[in-house]
$ cat final05.pdb   # PDB, C-alpha atoms, pLDDT in the B column
ATOM      1  CA  THR A   1      24.077 -17.992 -77.271  1.00 93.00           C
ATOM      2  CA  LEU A   2      25.929 -19.311 -80.290  1.00 98.00           C
ATOM      3  CA  ASP A   3      29.183 -17.611 -79.258  1.00 97.00           C
ATOM      4  CA  ARG A   4      31.007 -20.744 -78.018  1.00 97.00           C
ATOM      5  CA  ILE A   5      30.145 -22.948 -80.994  1.00 98.00           C
ATOM      6  CA  SER A   6      30.844 -20.092 -83.426  1.00 98.00           C
ATOM      7  CA  ALA A   7      34.297 -19.451 -81.937  1.00 98.00           C
ATOM      8  CA  LEU A   8      35.097 -23.147 -81.948  1.00 98.00           C
ATOM      9  CA  ALA A   9      33.926 -23.623 -85.536  1.00 98.00           C
ATOM     10  CA  HIS A  10      35.929 -20.589 -86.652  1.00 98.00           C
ATOM     11  CA  VAL A  11      39.155 -22.088 -85.244  1.00 98.00           C
ATOM     12  CA  LEU A  12      38.283 -25.335 -87.065  1.00 98.00           C
ATOM     13  CA  GLY A  13      37.973 -23.443 -90.371  1.00 98.00           C
ATOM     14  CA  ASP A  14      34.178 -23.042 -90.319  1.00 98.00           C
ATOM     15  CA  PRO A  15      33.498 -26.596 -91.542  1.00 98.00           C
ATOM     16  CA  GLN A  16      29.740 -26.019 -91.274  1.00 98.00           C
ATOM     17  CA  HIS A  17      30.061 -24.121 -94.576  1.00 98.00           C
ATOM     18  CA  ALA A  18      31.849 -26.934 -96.453  1.00 98.00           C
ATOM     19  CA  ALA A  19      28.679 -28.223 -98.139  1.00 98.00           C
ATOM     20  CA  PRO A  20      25.050 -27.199 -98.618  1.00 98.00           C
ATOM     21  CA  VAL A  21      22.837 -27.868 -95.586  1.00 98.00           C
ATOM     22  CA  ILE A  22      19.301 -29.090 -95.031  1.00 98.00           C
ATOM     23  CA  HIS A  23      18.426 -28.110 -91.448  1.00 98.00           C
ATOM     24  CA  VAL A  24      15.578 -29.985 -89.728  1.00 98.00           C
ATOM     25  CA  THR A  25      13.631 -29.012 -86.603  1.00 97.00           C
ATOM     26  CA  GLY A  26      10.231 -29.787 -85.145  1.00 95.00           C
ATOM     27  CA  THR A  27       8.638 -31.369 -82.127  1.00 92.00           C
ATOM     28  CA  ASN A  28       8.210 -34.872 -83.546  1.00 92.00           C
ATOM     29  CA  GLY A  29       9.614 -36.723 -86.511  1.00 94.00           C
ATOM     30  CA  LYS A  30      12.729 -34.648 -87.107  1.00 95.00           C
ATOM     31  CA  GLY A  31      15.129 -37.612 -86.836  1.00 95.00           C
ATOM     32  CA  SER A  32      13.019 -39.754 -89.157  1.00 96.00           C
ATOM     33  CA  THR A  33      12.686 -36.828 -91.547  1.00 98.00           C
ATOM     34  CA  ALA A  34      16.463 -36.272 -91.535  1.00 98.00           C
ATOM     35  CA  HIS A  35      17.106 -39.941 -92.294  1.00 98.00           C
ATOM     36  CA  MET A  36      14.492 -40.001 -95.088  1.00 98.00           C
ATOM     37  CA  ILE A  37      16.010 -36.890 -96.686  1.00 98.00           C
ATOM     38  CA  SER A  38      19.483 -38.434 -96.410  1.00 98.00           C
ATOM     39  CA  SER A  39      18.279 -41.663 -98.036  1.00 98.00           C
ATOM     40  CA  LEU A  40      16.630 -39.778-100.891  1.00 98.00           C
ATOM     41  CA  LEU A  41      19.757 -37.703-101.532  1.00 98.00           C
ATOM     42  CA  GLY A  42      21.925 -40.822-101.372  1.00 98.00           C
ATOM     43  CA  ALA A  43      19.653 -42.544-103.910  1.00 98.00           C
ATOM     44  CA  CYS A  44      20.399 -39.609-106.229  1.00 98.00           C
ATOM     45  CA  GLY A  45      24.104 -40.440-106.015  1.00 98.00           C
ATOM     46  CA  LEU A  46      25.128 -37.749-103.534  1.00 98.00           C
ATOM     47  CA  SER A  47      27.479 -38.272-100.605  1.00 98.00           C
ATOM     48  CA  VAL A  48      25.434 -37.293 -97.543  1.00 98.00           C
ATOM     49  CA  GLY A  49      26.574 -36.365 -94.035  1.00 98.00           C
ATOM     50  CA  THR A  50      23.785 -36.760 -91.481  1.00 98.00           C
ATOM     51  CA  TYR A  51      23.874 -35.392 -87.935  1.00 98.00           C
ATOM     52  CA  THR A  52      21.099 -36.425 -85.542  1.00 98.00           C
ATOM     53  CA  SER A  53      20.468 -36.793 -81.822  1.00 93.00           C
ATOM     54  CA  PRO A  54      20.122 -38.489 -79.522  1.00 92.00           C
ATOM     55  CA  HIS A  55      21.807 -41.826 -80.134  1.00 90.00           C
ATOM     56  CA  LEU A  56      20.313 -45.164 -79.121  1.00 89.00           C
ATOM     57  CA  GLU A  57      23.352 -47.373 -78.516  1.00 95.00           C
ATOM     58  CA  SER A  58      26.526 -45.569 -79.563  1.00 96.00           C
ATOM     59  CA  VAL A  59      27.459 -41.911 -79.964  1.00 97.00           C
ATOM     60  CA  ASN A  60      28.758 -42.820 -83.445  1.00 97.00           C
ATOM     61  CA  GLU A  61      25.127 -43.112 -84.593  1.00 97.00           C
ATOM     62  CA  ARG A  62      24.758 -39.330 -84.410  1.00 98.00           C
ATOM     63  CA  ILE A  63      27.309 -38.695 -87.158  1.00 98.00           C
ATOM     64  CA  ARG A  64      26.830 -40.633 -90.400  1.00 98.00           C
ATOM     65  CA  ARG A  65      28.087 -40.595 -93.961  1.00 98.00           C
ATOM     66  CA  ASN A  66      25.894 -42.337 -96.501  1.00 98.00           C
ATOM     67  CA  GLY A  67      24.033 -44.021 -93.654  1.00 97.00           C
ATOM     68  CA  ALA A  68      27.108 -45.517 -91.976  1.00 98.00           C
ATOM     69  CA  PRO A  69      28.094 -44.271 -88.511  1.00 98.00           C
ATOM     70  CA  ILE A  70      31.443 -42.537 -88.134  1.00 98.00           C
ATOM     71  CA  PRO A  71      34.142 -45.144 -87.386  1.00 98.00           C
ATOM     72  CA  ASP A  72      35.605 -45.109 -83.853  1.00 98.00           C
ATOM     73  CA  ASP A  73      39.061 -43.975 -85.052  1.00 98.00           C
ATOM     74  CA  ASP A  74      37.592 -41.107 -87.057  1.00 98.00           C
ATOM     75  CA  LEU A  75      35.392 -40.030 -84.144  1.00 98.00           C
ATOM     76  CA  ALA A  76      38.381 -40.053 -81.794  1.00 98.00           C
ATOM     77  CA  GLU A  77      40.383 -37.974 -84.295  1.00 98.00           C
ATOM     78  CA  GLN A  78      37.564 -35.436 -84.655  1.00 98.00           C
ATOM     79  CA  ILE A  79      37.029 -35.116 -80.901  1.00 98.00           C
ATOM     80  CA  ALA A  80      40.797 -34.652 -80.403  1.00 98.00           C
ATOM     81  CA  GLY A  81      40.734 -31.894 -83.038  1.00 98.00           C
ATOM     82  CA  VAL A  82      37.840 -30.194 -81.289  1.00 98.00           C
ATOM     83  CA  ALA A  83      39.641 -30.465 -77.927  1.00 98.00           C
ATOM     84  CA  ALA A  84      42.748 -28.815 -79.415  1.00 98.00           C
ATOM     85  CA  ALA A  85      40.589 -26.074 -80.941  1.00 98.00           C
ATOM     86  CA  GLU A  86      39.004 -25.366 -77.524  1.00 97.00           C
ATOM     87  CA  VAL A  87      42.339 -24.095 -76.262  1.00 97.00           C
ATOM     88  CA  VAL A  88      42.876 -21.815 -79.262  1.00 97.00           C
ATOM     89  CA  ALA A  89      39.272 -20.562 -79.235  1.00 98.00           C
ATOM     90  CA  GLY A  90      39.337 -20.021 -75.475  1.00 97.00           C
ATOM     91  CA  VAL A  91      35.972 -21.713 -74.974  1.00 98.00           C
ATOM     92  CA  ARG A  92      34.678 -24.729 -73.086  1.00 97.00           C
ATOM     93  CA  PRO A  93      31.942 -26.232 -75.281  1.00 97.00           C
ATOM     94  CA  SER A  94      29.076 -28.321 -73.986  1.00 97.00           C
ATOM     95  CA  TYR A  95      28.891 -32.017 -74.888  1.00 97.00           C
ATOM     96  CA  PHE A  96      26.437 -31.228 -77.704  1.00 97.00           C
ATOM     97  CA  GLU A  97      28.546 -28.336 -79.019  1.00 98.00           C
ATOM     98  CA  ALA A  98      31.664 -30.538 -79.099  1.00 98.00           C
ATOM     99  CA  LEU A  99      29.835 -33.313 -80.981  1.00 98.00           C
ATOM    100  CA  THR A 100      28.308 -30.799 -83.376  1.00 98.00           C
ATOM    101  CA  ALA A 101      31.726 -29.309 -84.159  1.00 98.00           C
ATOM    102  CA  ALA A 102      33.176 -32.813 -84.598  1.00 98.00           C
ATOM    103  CA  ALA A 103      30.381 -33.711 -87.024  1.00 98.00           C
ATOM    104  CA  PHE A 104      30.892 -30.585 -89.141  1.00 98.00           C
ATOM    105  CA  ARG A 105      34.657 -31.134 -89.145  1.00 98.00           C
ATOM    106  CA  TRP A 106      34.304 -34.763 -90.258  1.00 98.00           C
ATOM    107  CA  PHE A 107      31.796 -33.873 -92.985  1.00 98.00           C
ATOM    108  CA  ALA A 108      34.282 -31.304 -94.315  1.00 98.00           C
ATOM    109  CA  ASP A 109      37.183 -33.771 -94.080  1.00 98.00           C
ATOM    110  CA  VAL A 110      35.358 -36.518 -96.004  1.00 98.00           C
ATOM    111  CA  ALA A 111      33.948 -33.937 -98.447  1.00 98.00           C
ATOM    112  CA  VAL A 112      30.249 -34.794 -98.376  1.00 98.00           C
ATOM    113  CA  ASP A 113      28.084 -33.249-101.098  1.00 98.00           C
ATOM    114  CA  VAL A 114      25.368 -32.210 -98.646  1.00 98.00           C
ATOM    115  CA  MET A 115      24.763 -32.159 -94.897  1.00 99.00           C
ATOM    116  CA  VAL A 116      21.430 -33.028 -93.306  1.00 99.00           C
ATOM    117  CA  VAL A 117      21.478 -31.587 -89.793  1.00 98.00           C
ATOM    118  CA  GLU A 118      18.871 -32.219 -87.101  1.00 98.00           C
ATOM    119  CA  VAL A 119      18.422 -29.559 -84.432  1.00 98.00           C
ATOM    120  CA  GLY A 120      19.060 -30.777 -80.906  1.00 95.00           C
ATOM    121  CA  LEU A 121      16.819 -28.327 -79.016  1.00 92.00           C
ATOM    122  CA  LEU A 122      14.272 -25.918 -80.533  1.00 90.00           C
ATOM    123  CA  GLY A 123      16.279 -23.992 -83.166  1.00 95.00           C
ATOM    124  CA  ARG A 124      17.319 -20.384 -82.748  1.00 95.00           C
ATOM    125  CA  TRP A 125      19.989 -20.988 -80.045  1.00 96.00           C
ATOM    126  CA  ASP A 126      20.816 -24.606 -80.896  1.00 97.00           C
ATOM    127  CA  ALA A 127      24.489 -25.316 -81.639  1.00 98.00           C
ATOM    128  CA  THR A 128      23.551 -26.564 -85.107  1.00 98.00           C
ATOM    129  CA  ASN A 129      22.219 -23.115 -85.983  1.00 98.00           C
ATOM    130  CA  ILE A 130      25.618 -21.866 -87.115  1.00 98.00           C
ATOM    131  CA  VAL A 131      24.869 -23.343 -90.537  1.00 98.00           C
ATOM    132  CA  ASP A 132      23.489 -21.312 -93.416  1.00 95.00           C
ATOM    133  CA  ALA A 133      20.766 -23.715 -94.455  1.00 97.00           C
ATOM    134  CA  GLN A 134      19.750 -23.789 -98.073  1.00 98.00           C
ATOM    135  CA  VAL A 135      16.649 -25.672 -96.925  1.00 98.00           C
ATOM    136  CA  ALA A 136      14.977 -25.279 -93.515  1.00 98.00           C
ATOM    137  CA  VAL A 137      12.473 -27.974 -92.532  1.00 98.00           C
ATOM    138  CA  ILE A 138      10.002 -27.596 -89.649  1.00 98.00           C
ATOM    139  CA  THR A 139       8.124 -30.858 -89.166  1.00 97.00           C
ATOM    140  CA  ASN A 140       5.521 -29.699 -86.639  1.00 95.00           C
ATOM    141  CA  ILE A 141       5.050 -27.666 -83.477  1.00 93.00           C
ATOM    142  CA  GLY A 142       4.090 -29.148 -80.127  1.00 88.00           C
ATOM    143  CA  LEU A 143       4.553 -28.247 -76.488  1.00 80.00           C
ATOM    144  CA  ASP A 144       8.195 -29.213 -76.072  1.00 72.00           C
ATOM    145  CA  HIS A 145      11.021 -27.529 -74.179  1.00 65.00           C
ATOM    146  CA  MET A 146       8.597 -24.970 -72.743  1.00 60.00           C
ATOM    147  CA  GLU A 147      11.122 -24.053 -70.041  1.00 72.00           C
ATOM    148  CA  PHE A 148      13.327 -22.559 -72.790  1.00 72.00           C
ATOM    149  CA  ALA A 149      10.838 -21.267 -75.351  1.00 72.00           C
ATOM    150  CA  GLY A 150       7.765 -20.146 -73.506  1.00 75.00           C
ATOM    151  CA  PRO A 151       4.415 -21.429 -72.488  1.00 82.00           C
ATOM    152  CA  THR A 152       2.605 -21.667 -75.842  1.00 92.00           C
ATOM    153  CA  ARG A 153       2.979 -23.345 -79.211  1.00 92.00           C
ATOM    154  CA  ALA A 154       3.274 -19.841 -80.695  1.00 94.00           C
ATOM    155  CA  HIS A 155       6.419 -19.175 -78.634  1.00 93.00           C
ATOM    156  CA  ILE A 156       7.841 -22.558 -79.632  1.00 94.00           C
ATOM    157  CA  ALA A 157       7.046 -21.929 -83.309  1.00 96.00           C
ATOM    158  CA  ALA A 158       8.997 -18.661 -83.201  1.00 95.00           C
ATOM    159  CA  GLU A 159      12.028 -20.405 -81.679  1.00 95.00           C
ATOM    160  CA  LYS A 160      11.956 -23.256 -84.197  1.00 96.00           C
ATOM    161  CA  ALA A 161      11.603 -20.735 -87.044  1.00 97.00           C
ATOM    162  CA  GLY A 162      14.953 -19.309 -85.888  1.00 96.00           C
ATOM    163  CA  ILE A 163      16.712 -21.828 -88.184  1.00 98.00           C
ATOM    164  CA  ILE A 164      15.387 -20.038 -91.265  1.00 97.00           C
ATOM    165  CA  THR A 165      17.947 -17.837 -93.009  1.00 94.00           C
ATOM    166  CA  PRO A 166      17.308 -15.294 -95.790  1.00 93.00           C
ATOM    167  CA  GLN A 167      18.470 -17.767 -98.467  1.00 93.00           C
ATOM    168  CA  SER A 168      16.533 -20.768 -97.080  1.00 96.00           C
ATOM    169  CA  ALA A 169      13.806 -22.539 -98.938  1.00 97.00           C
ATOM    170  CA  VAL A 170      11.346 -23.452 -96.173  1.00 97.00           C
ATOM    171  CA  ILE A 171       9.301 -26.629 -95.841  1.00 97.00           C
ATOM    172  CA  VAL A 172       6.698 -26.678 -93.074  1.00 97.00           C
ATOM    173  CA  GLY A 173       4.740 -29.740 -92.007  1.00 96.00           C
ATOM    174  CA  GLU A 174       2.740 -27.872 -89.359  1.00 95.00           C
ATOM    175  CA  THR A 175      -0.884 -27.334 -90.436  1.00 94.00           C
ATOM    176  CA  ASP A 176      -2.162 -24.861 -87.816  1.00 96.00           C
ATOM    177  CA  PRO A 177      -2.608 -21.578 -89.781  1.00 97.00           C
ATOM    178  CA  GLU A 178      -1.718 -19.435 -86.744  1.00 96.00           C
ATOM    179  CA  LEU A 179       1.606 -21.237 -86.278  1.00 96.00           C
ATOM    180  CA  VAL A 180       2.352 -21.210 -90.001  1.00 96.00           C
ATOM    181  CA  SER A 181       1.857 -17.428 -90.017  1.00 96.00           C
ATOM    182  CA  ILE A 182       4.267 -17.079 -87.071  1.00 95.00           C
ATOM    183  CA  ILE A 183       6.856 -19.140 -88.955  1.00 96.00           C
ATOM    184  CA  ALA A 184       6.306 -16.993 -92.065  1.00 94.00           C
ATOM    185  CA  ARG A 185       6.807 -13.786 -90.046  1.00 92.00           C
ATOM    186  CA  GLU A 186      10.048 -15.032 -88.496  1.00 85.00           C
TER     187      GLU A 186
END
$ encode --input "final05.pdb" --output "structure tokens"
Amino acid sequence: TLDRISALAHVLGDPQHAAPVIHVTGTNGKGSTAHMISSLLGACGLSVGTYTSPHLESVNERIRRNGAPIPDDDLAEQIAGVAAAEVVAGVRPSYFEALTAAAFRWFADVAVDVMVVEVGLLGRWDATNIVDAQVAVITNIGLDHMEFAGPTRAHIAAEKAGIITPQSAVIVGETDPELVSIIARE
């Protein structure tokens, strides 16, 4: 469900809508794709907020502006804001939901021109899926997270396609025609 993250984001002023979003999912390559997109947008002179997971050394790596990780003081401020919003929203977010809300809040506070957001798990029910992506990117479809999506690549494709909104331009790296047709149907 997206109920907890939606309630939390609403109390925070719906920061996920503060800038246009490029939403990236897939089985492999989504982090690299998110960073490449961010670099290209930055080279065009845009201020870019990038949210990825997991981190390698520090949680700060997940939340970046123009390639630089969020500073410790800013991260602490954002997490404190999310913690205060929990009480008002009446929800107890997961670790990923809290970090996602903190990222959106920081991107709104520093007024990025665009957000590049990597899905944490599949797509449809991922905490990042409260955005209204102008561009939805699906890198590829493999057998990942089968315990949540189902036993076949077709089931996984349908779940990953859940990030597509009516206004999204869609970019698909998957080449299997059957899976591409499932994505198109969703």
$ resolve_selection --input "final05.pdb" --expression "the PyMOL selection byres ((chain A and resi 129) around 12)" --output "ChimeraX atom specification"
/A:1-3,5-6,9,16-17,21-25,97,100-101,104,117-128,130-133,136,159-165
$ atom_distance --input "final05.pdb" --atom1 "CA of Leu179 (chain A)" --atom2 "CA of Ile138 (chain A)"
11.1 Å
$ resolve_selection --input "final05.pdb" --expression "the PyMOL selection byres ((chain A and resi 81) around 12)" --output "short mmCIF file (atom, residue, chain, number, x, y, z; two decimals) with C-alpha atoms, in the coordinates of the input"
data_model
loop_
_atom_site.label_atom_id
_atom_site.label_comp_id
_atom_site.auth_asym_id
_atom_site.auth_seq_id
_atom_site.Cartn_x
_atom_site.Cartn_y
_atom_site.Cartn_z
CA LEU A 8 35.10 -23.15 -81.95
CA ALA A 9 33.93 -23.62 -85.54
CA VAL A 11 39.16 -22.09 -85.24
CA LEU A 12 38.28 -25.34 -87.06
CA GLY A 13 37.97 -23.44 -90.37
CA ASP A 74 37.59 -41.11 -87.06
CA LEU A 75 35.39 -40.03 -84.14
CA ALA A 76 38.38 -40.05 -81.79
CA GLU A 77 40.38 -37.97 -84.30
CA GLN A 78 37.56 -35.44 -84.66
CA ILE A 79 37.03 -35.12 -80.90
CA ALA A 80 40.80 -34.65 -80.40
CA VAL A 82 37.84 -30.19 -81.29
CA ALA A 83 39.64 -30.46 -77.93
CA ALA A 84 42.75 -28.82 -79.42
CA ALA A 85 40.59 -26.07 -80.94
CA GLU A 86 39.00 -25.37 -77.52
CA VAL A 87 42.34 -24.10 -76.26
CA VAL A 88 42.88 -21.82 -79.26
CA ALA A 98 31.66 -30.54 -79.10
CA LEU A 99 29.84 -33.31 -80.98
CA ALA A 101 31.73 -29.31 -84.16
CA ALA A 102 33.18 -32.81 -84.60
CA ALA A 103 30.38 -33.71 -87.02
CA PHE A 104 30.89 -30.58 -89.14
CA ARG A 105 34.66 -31.13 -89.14
CA TRP A 106 34.30 -34.76 -90.26
CA ASP A 109 37.18 -33.77 -94.08
#
$ resolve_selection --input "final05.pdb" --expression "the PyMOL selection byres ((chain A and resi 32) around 12)" --output "number ranges by chain"
A: 24-31, 33-39, 50-53, 116-118, 139
$ atom_distance --input "final05.pdb" --atom1 "CA of Ile183 (chain A)" --atom2 "CA of Val170 (chain A)"
9.5 Å
$ build_atoms --input "final05.pdb" --residues "region 126-151 of chain A" --atoms "N, CA, C and O atoms" --output "compact mmCIF listing (two decimals), keeping the file's coordinate frame"
# COMPACT_ATOMS: atom_id res chain seq x y z
N ASP A 126 20.22 -23.27 -80.84
CA ASP A 126 20.82 -24.61 -80.90
C ASP A 126 22.19 -24.53 -81.56
O ASP A 126 22.38 -23.75 -82.50
N ALA A 127 23.12 -25.33 -81.09
CA ALA A 127 24.49 -25.32 -81.64
C ALA A 127 24.53 -25.58 -83.14
O ALA A 127 25.43 -25.09 -83.83
N THR A 128 23.56 -26.30 -83.66
CA THR A 128 23.55 -26.56 -85.11
C THR A 128 23.21 -25.32 -85.91
O THR A 128 23.44 -25.29 -87.12
N ASN A 129 22.70 -24.29 -85.25
CA ASN A 129 22.22 -23.12 -85.98
C ASN A 129 23.34 -22.16 -86.40
O ASN A 129 23.09 -20.99 -86.66
N ILE A 130 24.54 -22.66 -86.51
CA ILE A 130 25.62 -21.87 -87.12
C ILE A 130 25.73 -22.16 -88.60
O ILE A 130 26.56 -21.57 -89.29
N VAL A 131 24.89 -23.06 -89.10
CA VAL A 131 24.87 -23.34 -90.54
C VAL A 131 24.09 -22.26 -91.26
O VAL A 131 23.30 -21.53 -90.65
N ASP A 132 24.30 -22.16 -92.55
CA ASP A 132 23.49 -21.31 -93.42
C ASP A 132 22.68 -22.26 -94.29
O ASP A 132 23.11 -22.62 -95.39
N ALA A 133 21.55 -22.68 -93.78
CA ALA A 133 20.77 -23.72 -94.46
C ALA A 133 20.18 -23.24 -95.78
O ALA A 133 19.55 -22.19 -95.84
N GLN A 134 20.40 -24.05 -96.80
CA GLN A 134 19.75 -23.79 -98.07
C GLN A 134 18.28 -24.20 -97.99
O GLN A 134 17.44 -23.64 -98.67
N VAL A 135 18.02 -25.22 -97.15
CA VAL A 135 16.65 -25.67 -96.92
C VAL A 135 16.44 -25.78 -95.42
O VAL A 135 17.24 -26.40 -94.72
N ALA A 136 15.37 -25.17 -94.92
CA ALA A 136 14.98 -25.28 -93.52
C ALA A 136 13.67 -26.06 -93.46
O ALA A 136 12.71 -25.71 -94.16
N VAL A 137 13.65 -27.12 -92.66
CA VAL A 137 12.47 -27.97 -92.53
C VAL A 137 11.95 -27.89 -91.10
O VAL A 137 12.71 -28.07 -90.15
N ILE A 138 10.67 -27.60 -90.96
CA ILE A 138 10.00 -27.60 -89.65
C ILE A 138 8.89 -28.63 -89.74
O ILE A 138 7.91 -28.42 -90.46
N THR A 139 9.08 -29.76 -89.04
CA THR A 139 8.12 -30.86 -89.17
C THR A 139 6.76 -30.52 -88.57
O THR A 139 5.74 -30.73 -89.19
N ASN A 140 6.76 -30.03 -87.34
CA ASN A 140 5.52 -29.70 -86.64
C ASN A 140 5.87 -28.94 -85.36
O ASN A 140 7.04 -28.85 -85.00
N ILE A 141 4.85 -28.44 -84.70
CA ILE A 141 5.05 -27.67 -83.48
C ILE A 141 4.17 -28.24 -82.38
O ILE A 141 2.94 -28.28 -82.51
N GLY A 142 4.82 -28.67 -81.30
CA GLY A 142 4.09 -29.15 -80.13
C GLY A 142 4.61 -28.44 -78.89
O GLY A 142 5.47 -27.56 -78.98
N LEU A 143 4.12 -28.85 -77.75
CA LEU A 143 4.55 -28.25 -76.49
C LEU A 143 5.79 -28.98 -75.97
O LEU A 143 5.69 -29.88 -75.13
N ASP A 144 6.93 -28.62 -76.51
CA ASP A 144 8.20 -29.21 -76.07
C ASP A 144 9.15 -28.12 -75.62
O ASP A 144 9.11 -27.00 -76.09
N HIS A 145 9.99 -28.45 -74.67
CA HIS A 145 11.02 -27.53 -74.18
C HIS A 145 10.44 -26.17 -73.78
O HIS A 145 11.04 -25.13 -74.03
N MET A 146 9.28 -26.20 -73.13
CA MET A 146 8.60 -24.97 -72.74
C MET A 146 9.42 -24.15 -71.76
O MET A 146 9.28 -22.92 -71.72
N GLU A 147 10.29 -24.79 -71.00
CA GLU A 147 11.12 -24.05 -70.04
C GLU A 147 12.12 -23.13 -70.74
O GLU A 147 12.64 -22.19 -70.15
N PHE A 148 12.38 -23.38 -72.03
CA PHE A 148 13.33 -22.56 -72.79
C PHE A 148 12.64 -21.62 -73.78
O PHE A 148 13.19 -20.58 -74.12
N ALA A 149 11.46 -22.01 -74.26
CA ALA A 149 10.84 -21.27 -75.35
C ALA A 149 9.60 -20.48 -74.96
O ALA A 149 9.21 -19.57 -75.66
N GLY A 150 8.98 -20.85 -73.89
CA GLY A 150 7.76 -20.15 -73.51
C GLY A 150 6.60 -21.10 -73.35
O GLY A 150 6.69 -22.27 -73.67
N PRO A 151 5.51 -20.56 -72.89
CA PRO A 151 4.42 -21.43 -72.49
C PRO A 151 3.48 -21.90 -73.60
O PRO A 151 2.66 -22.76 -73.39
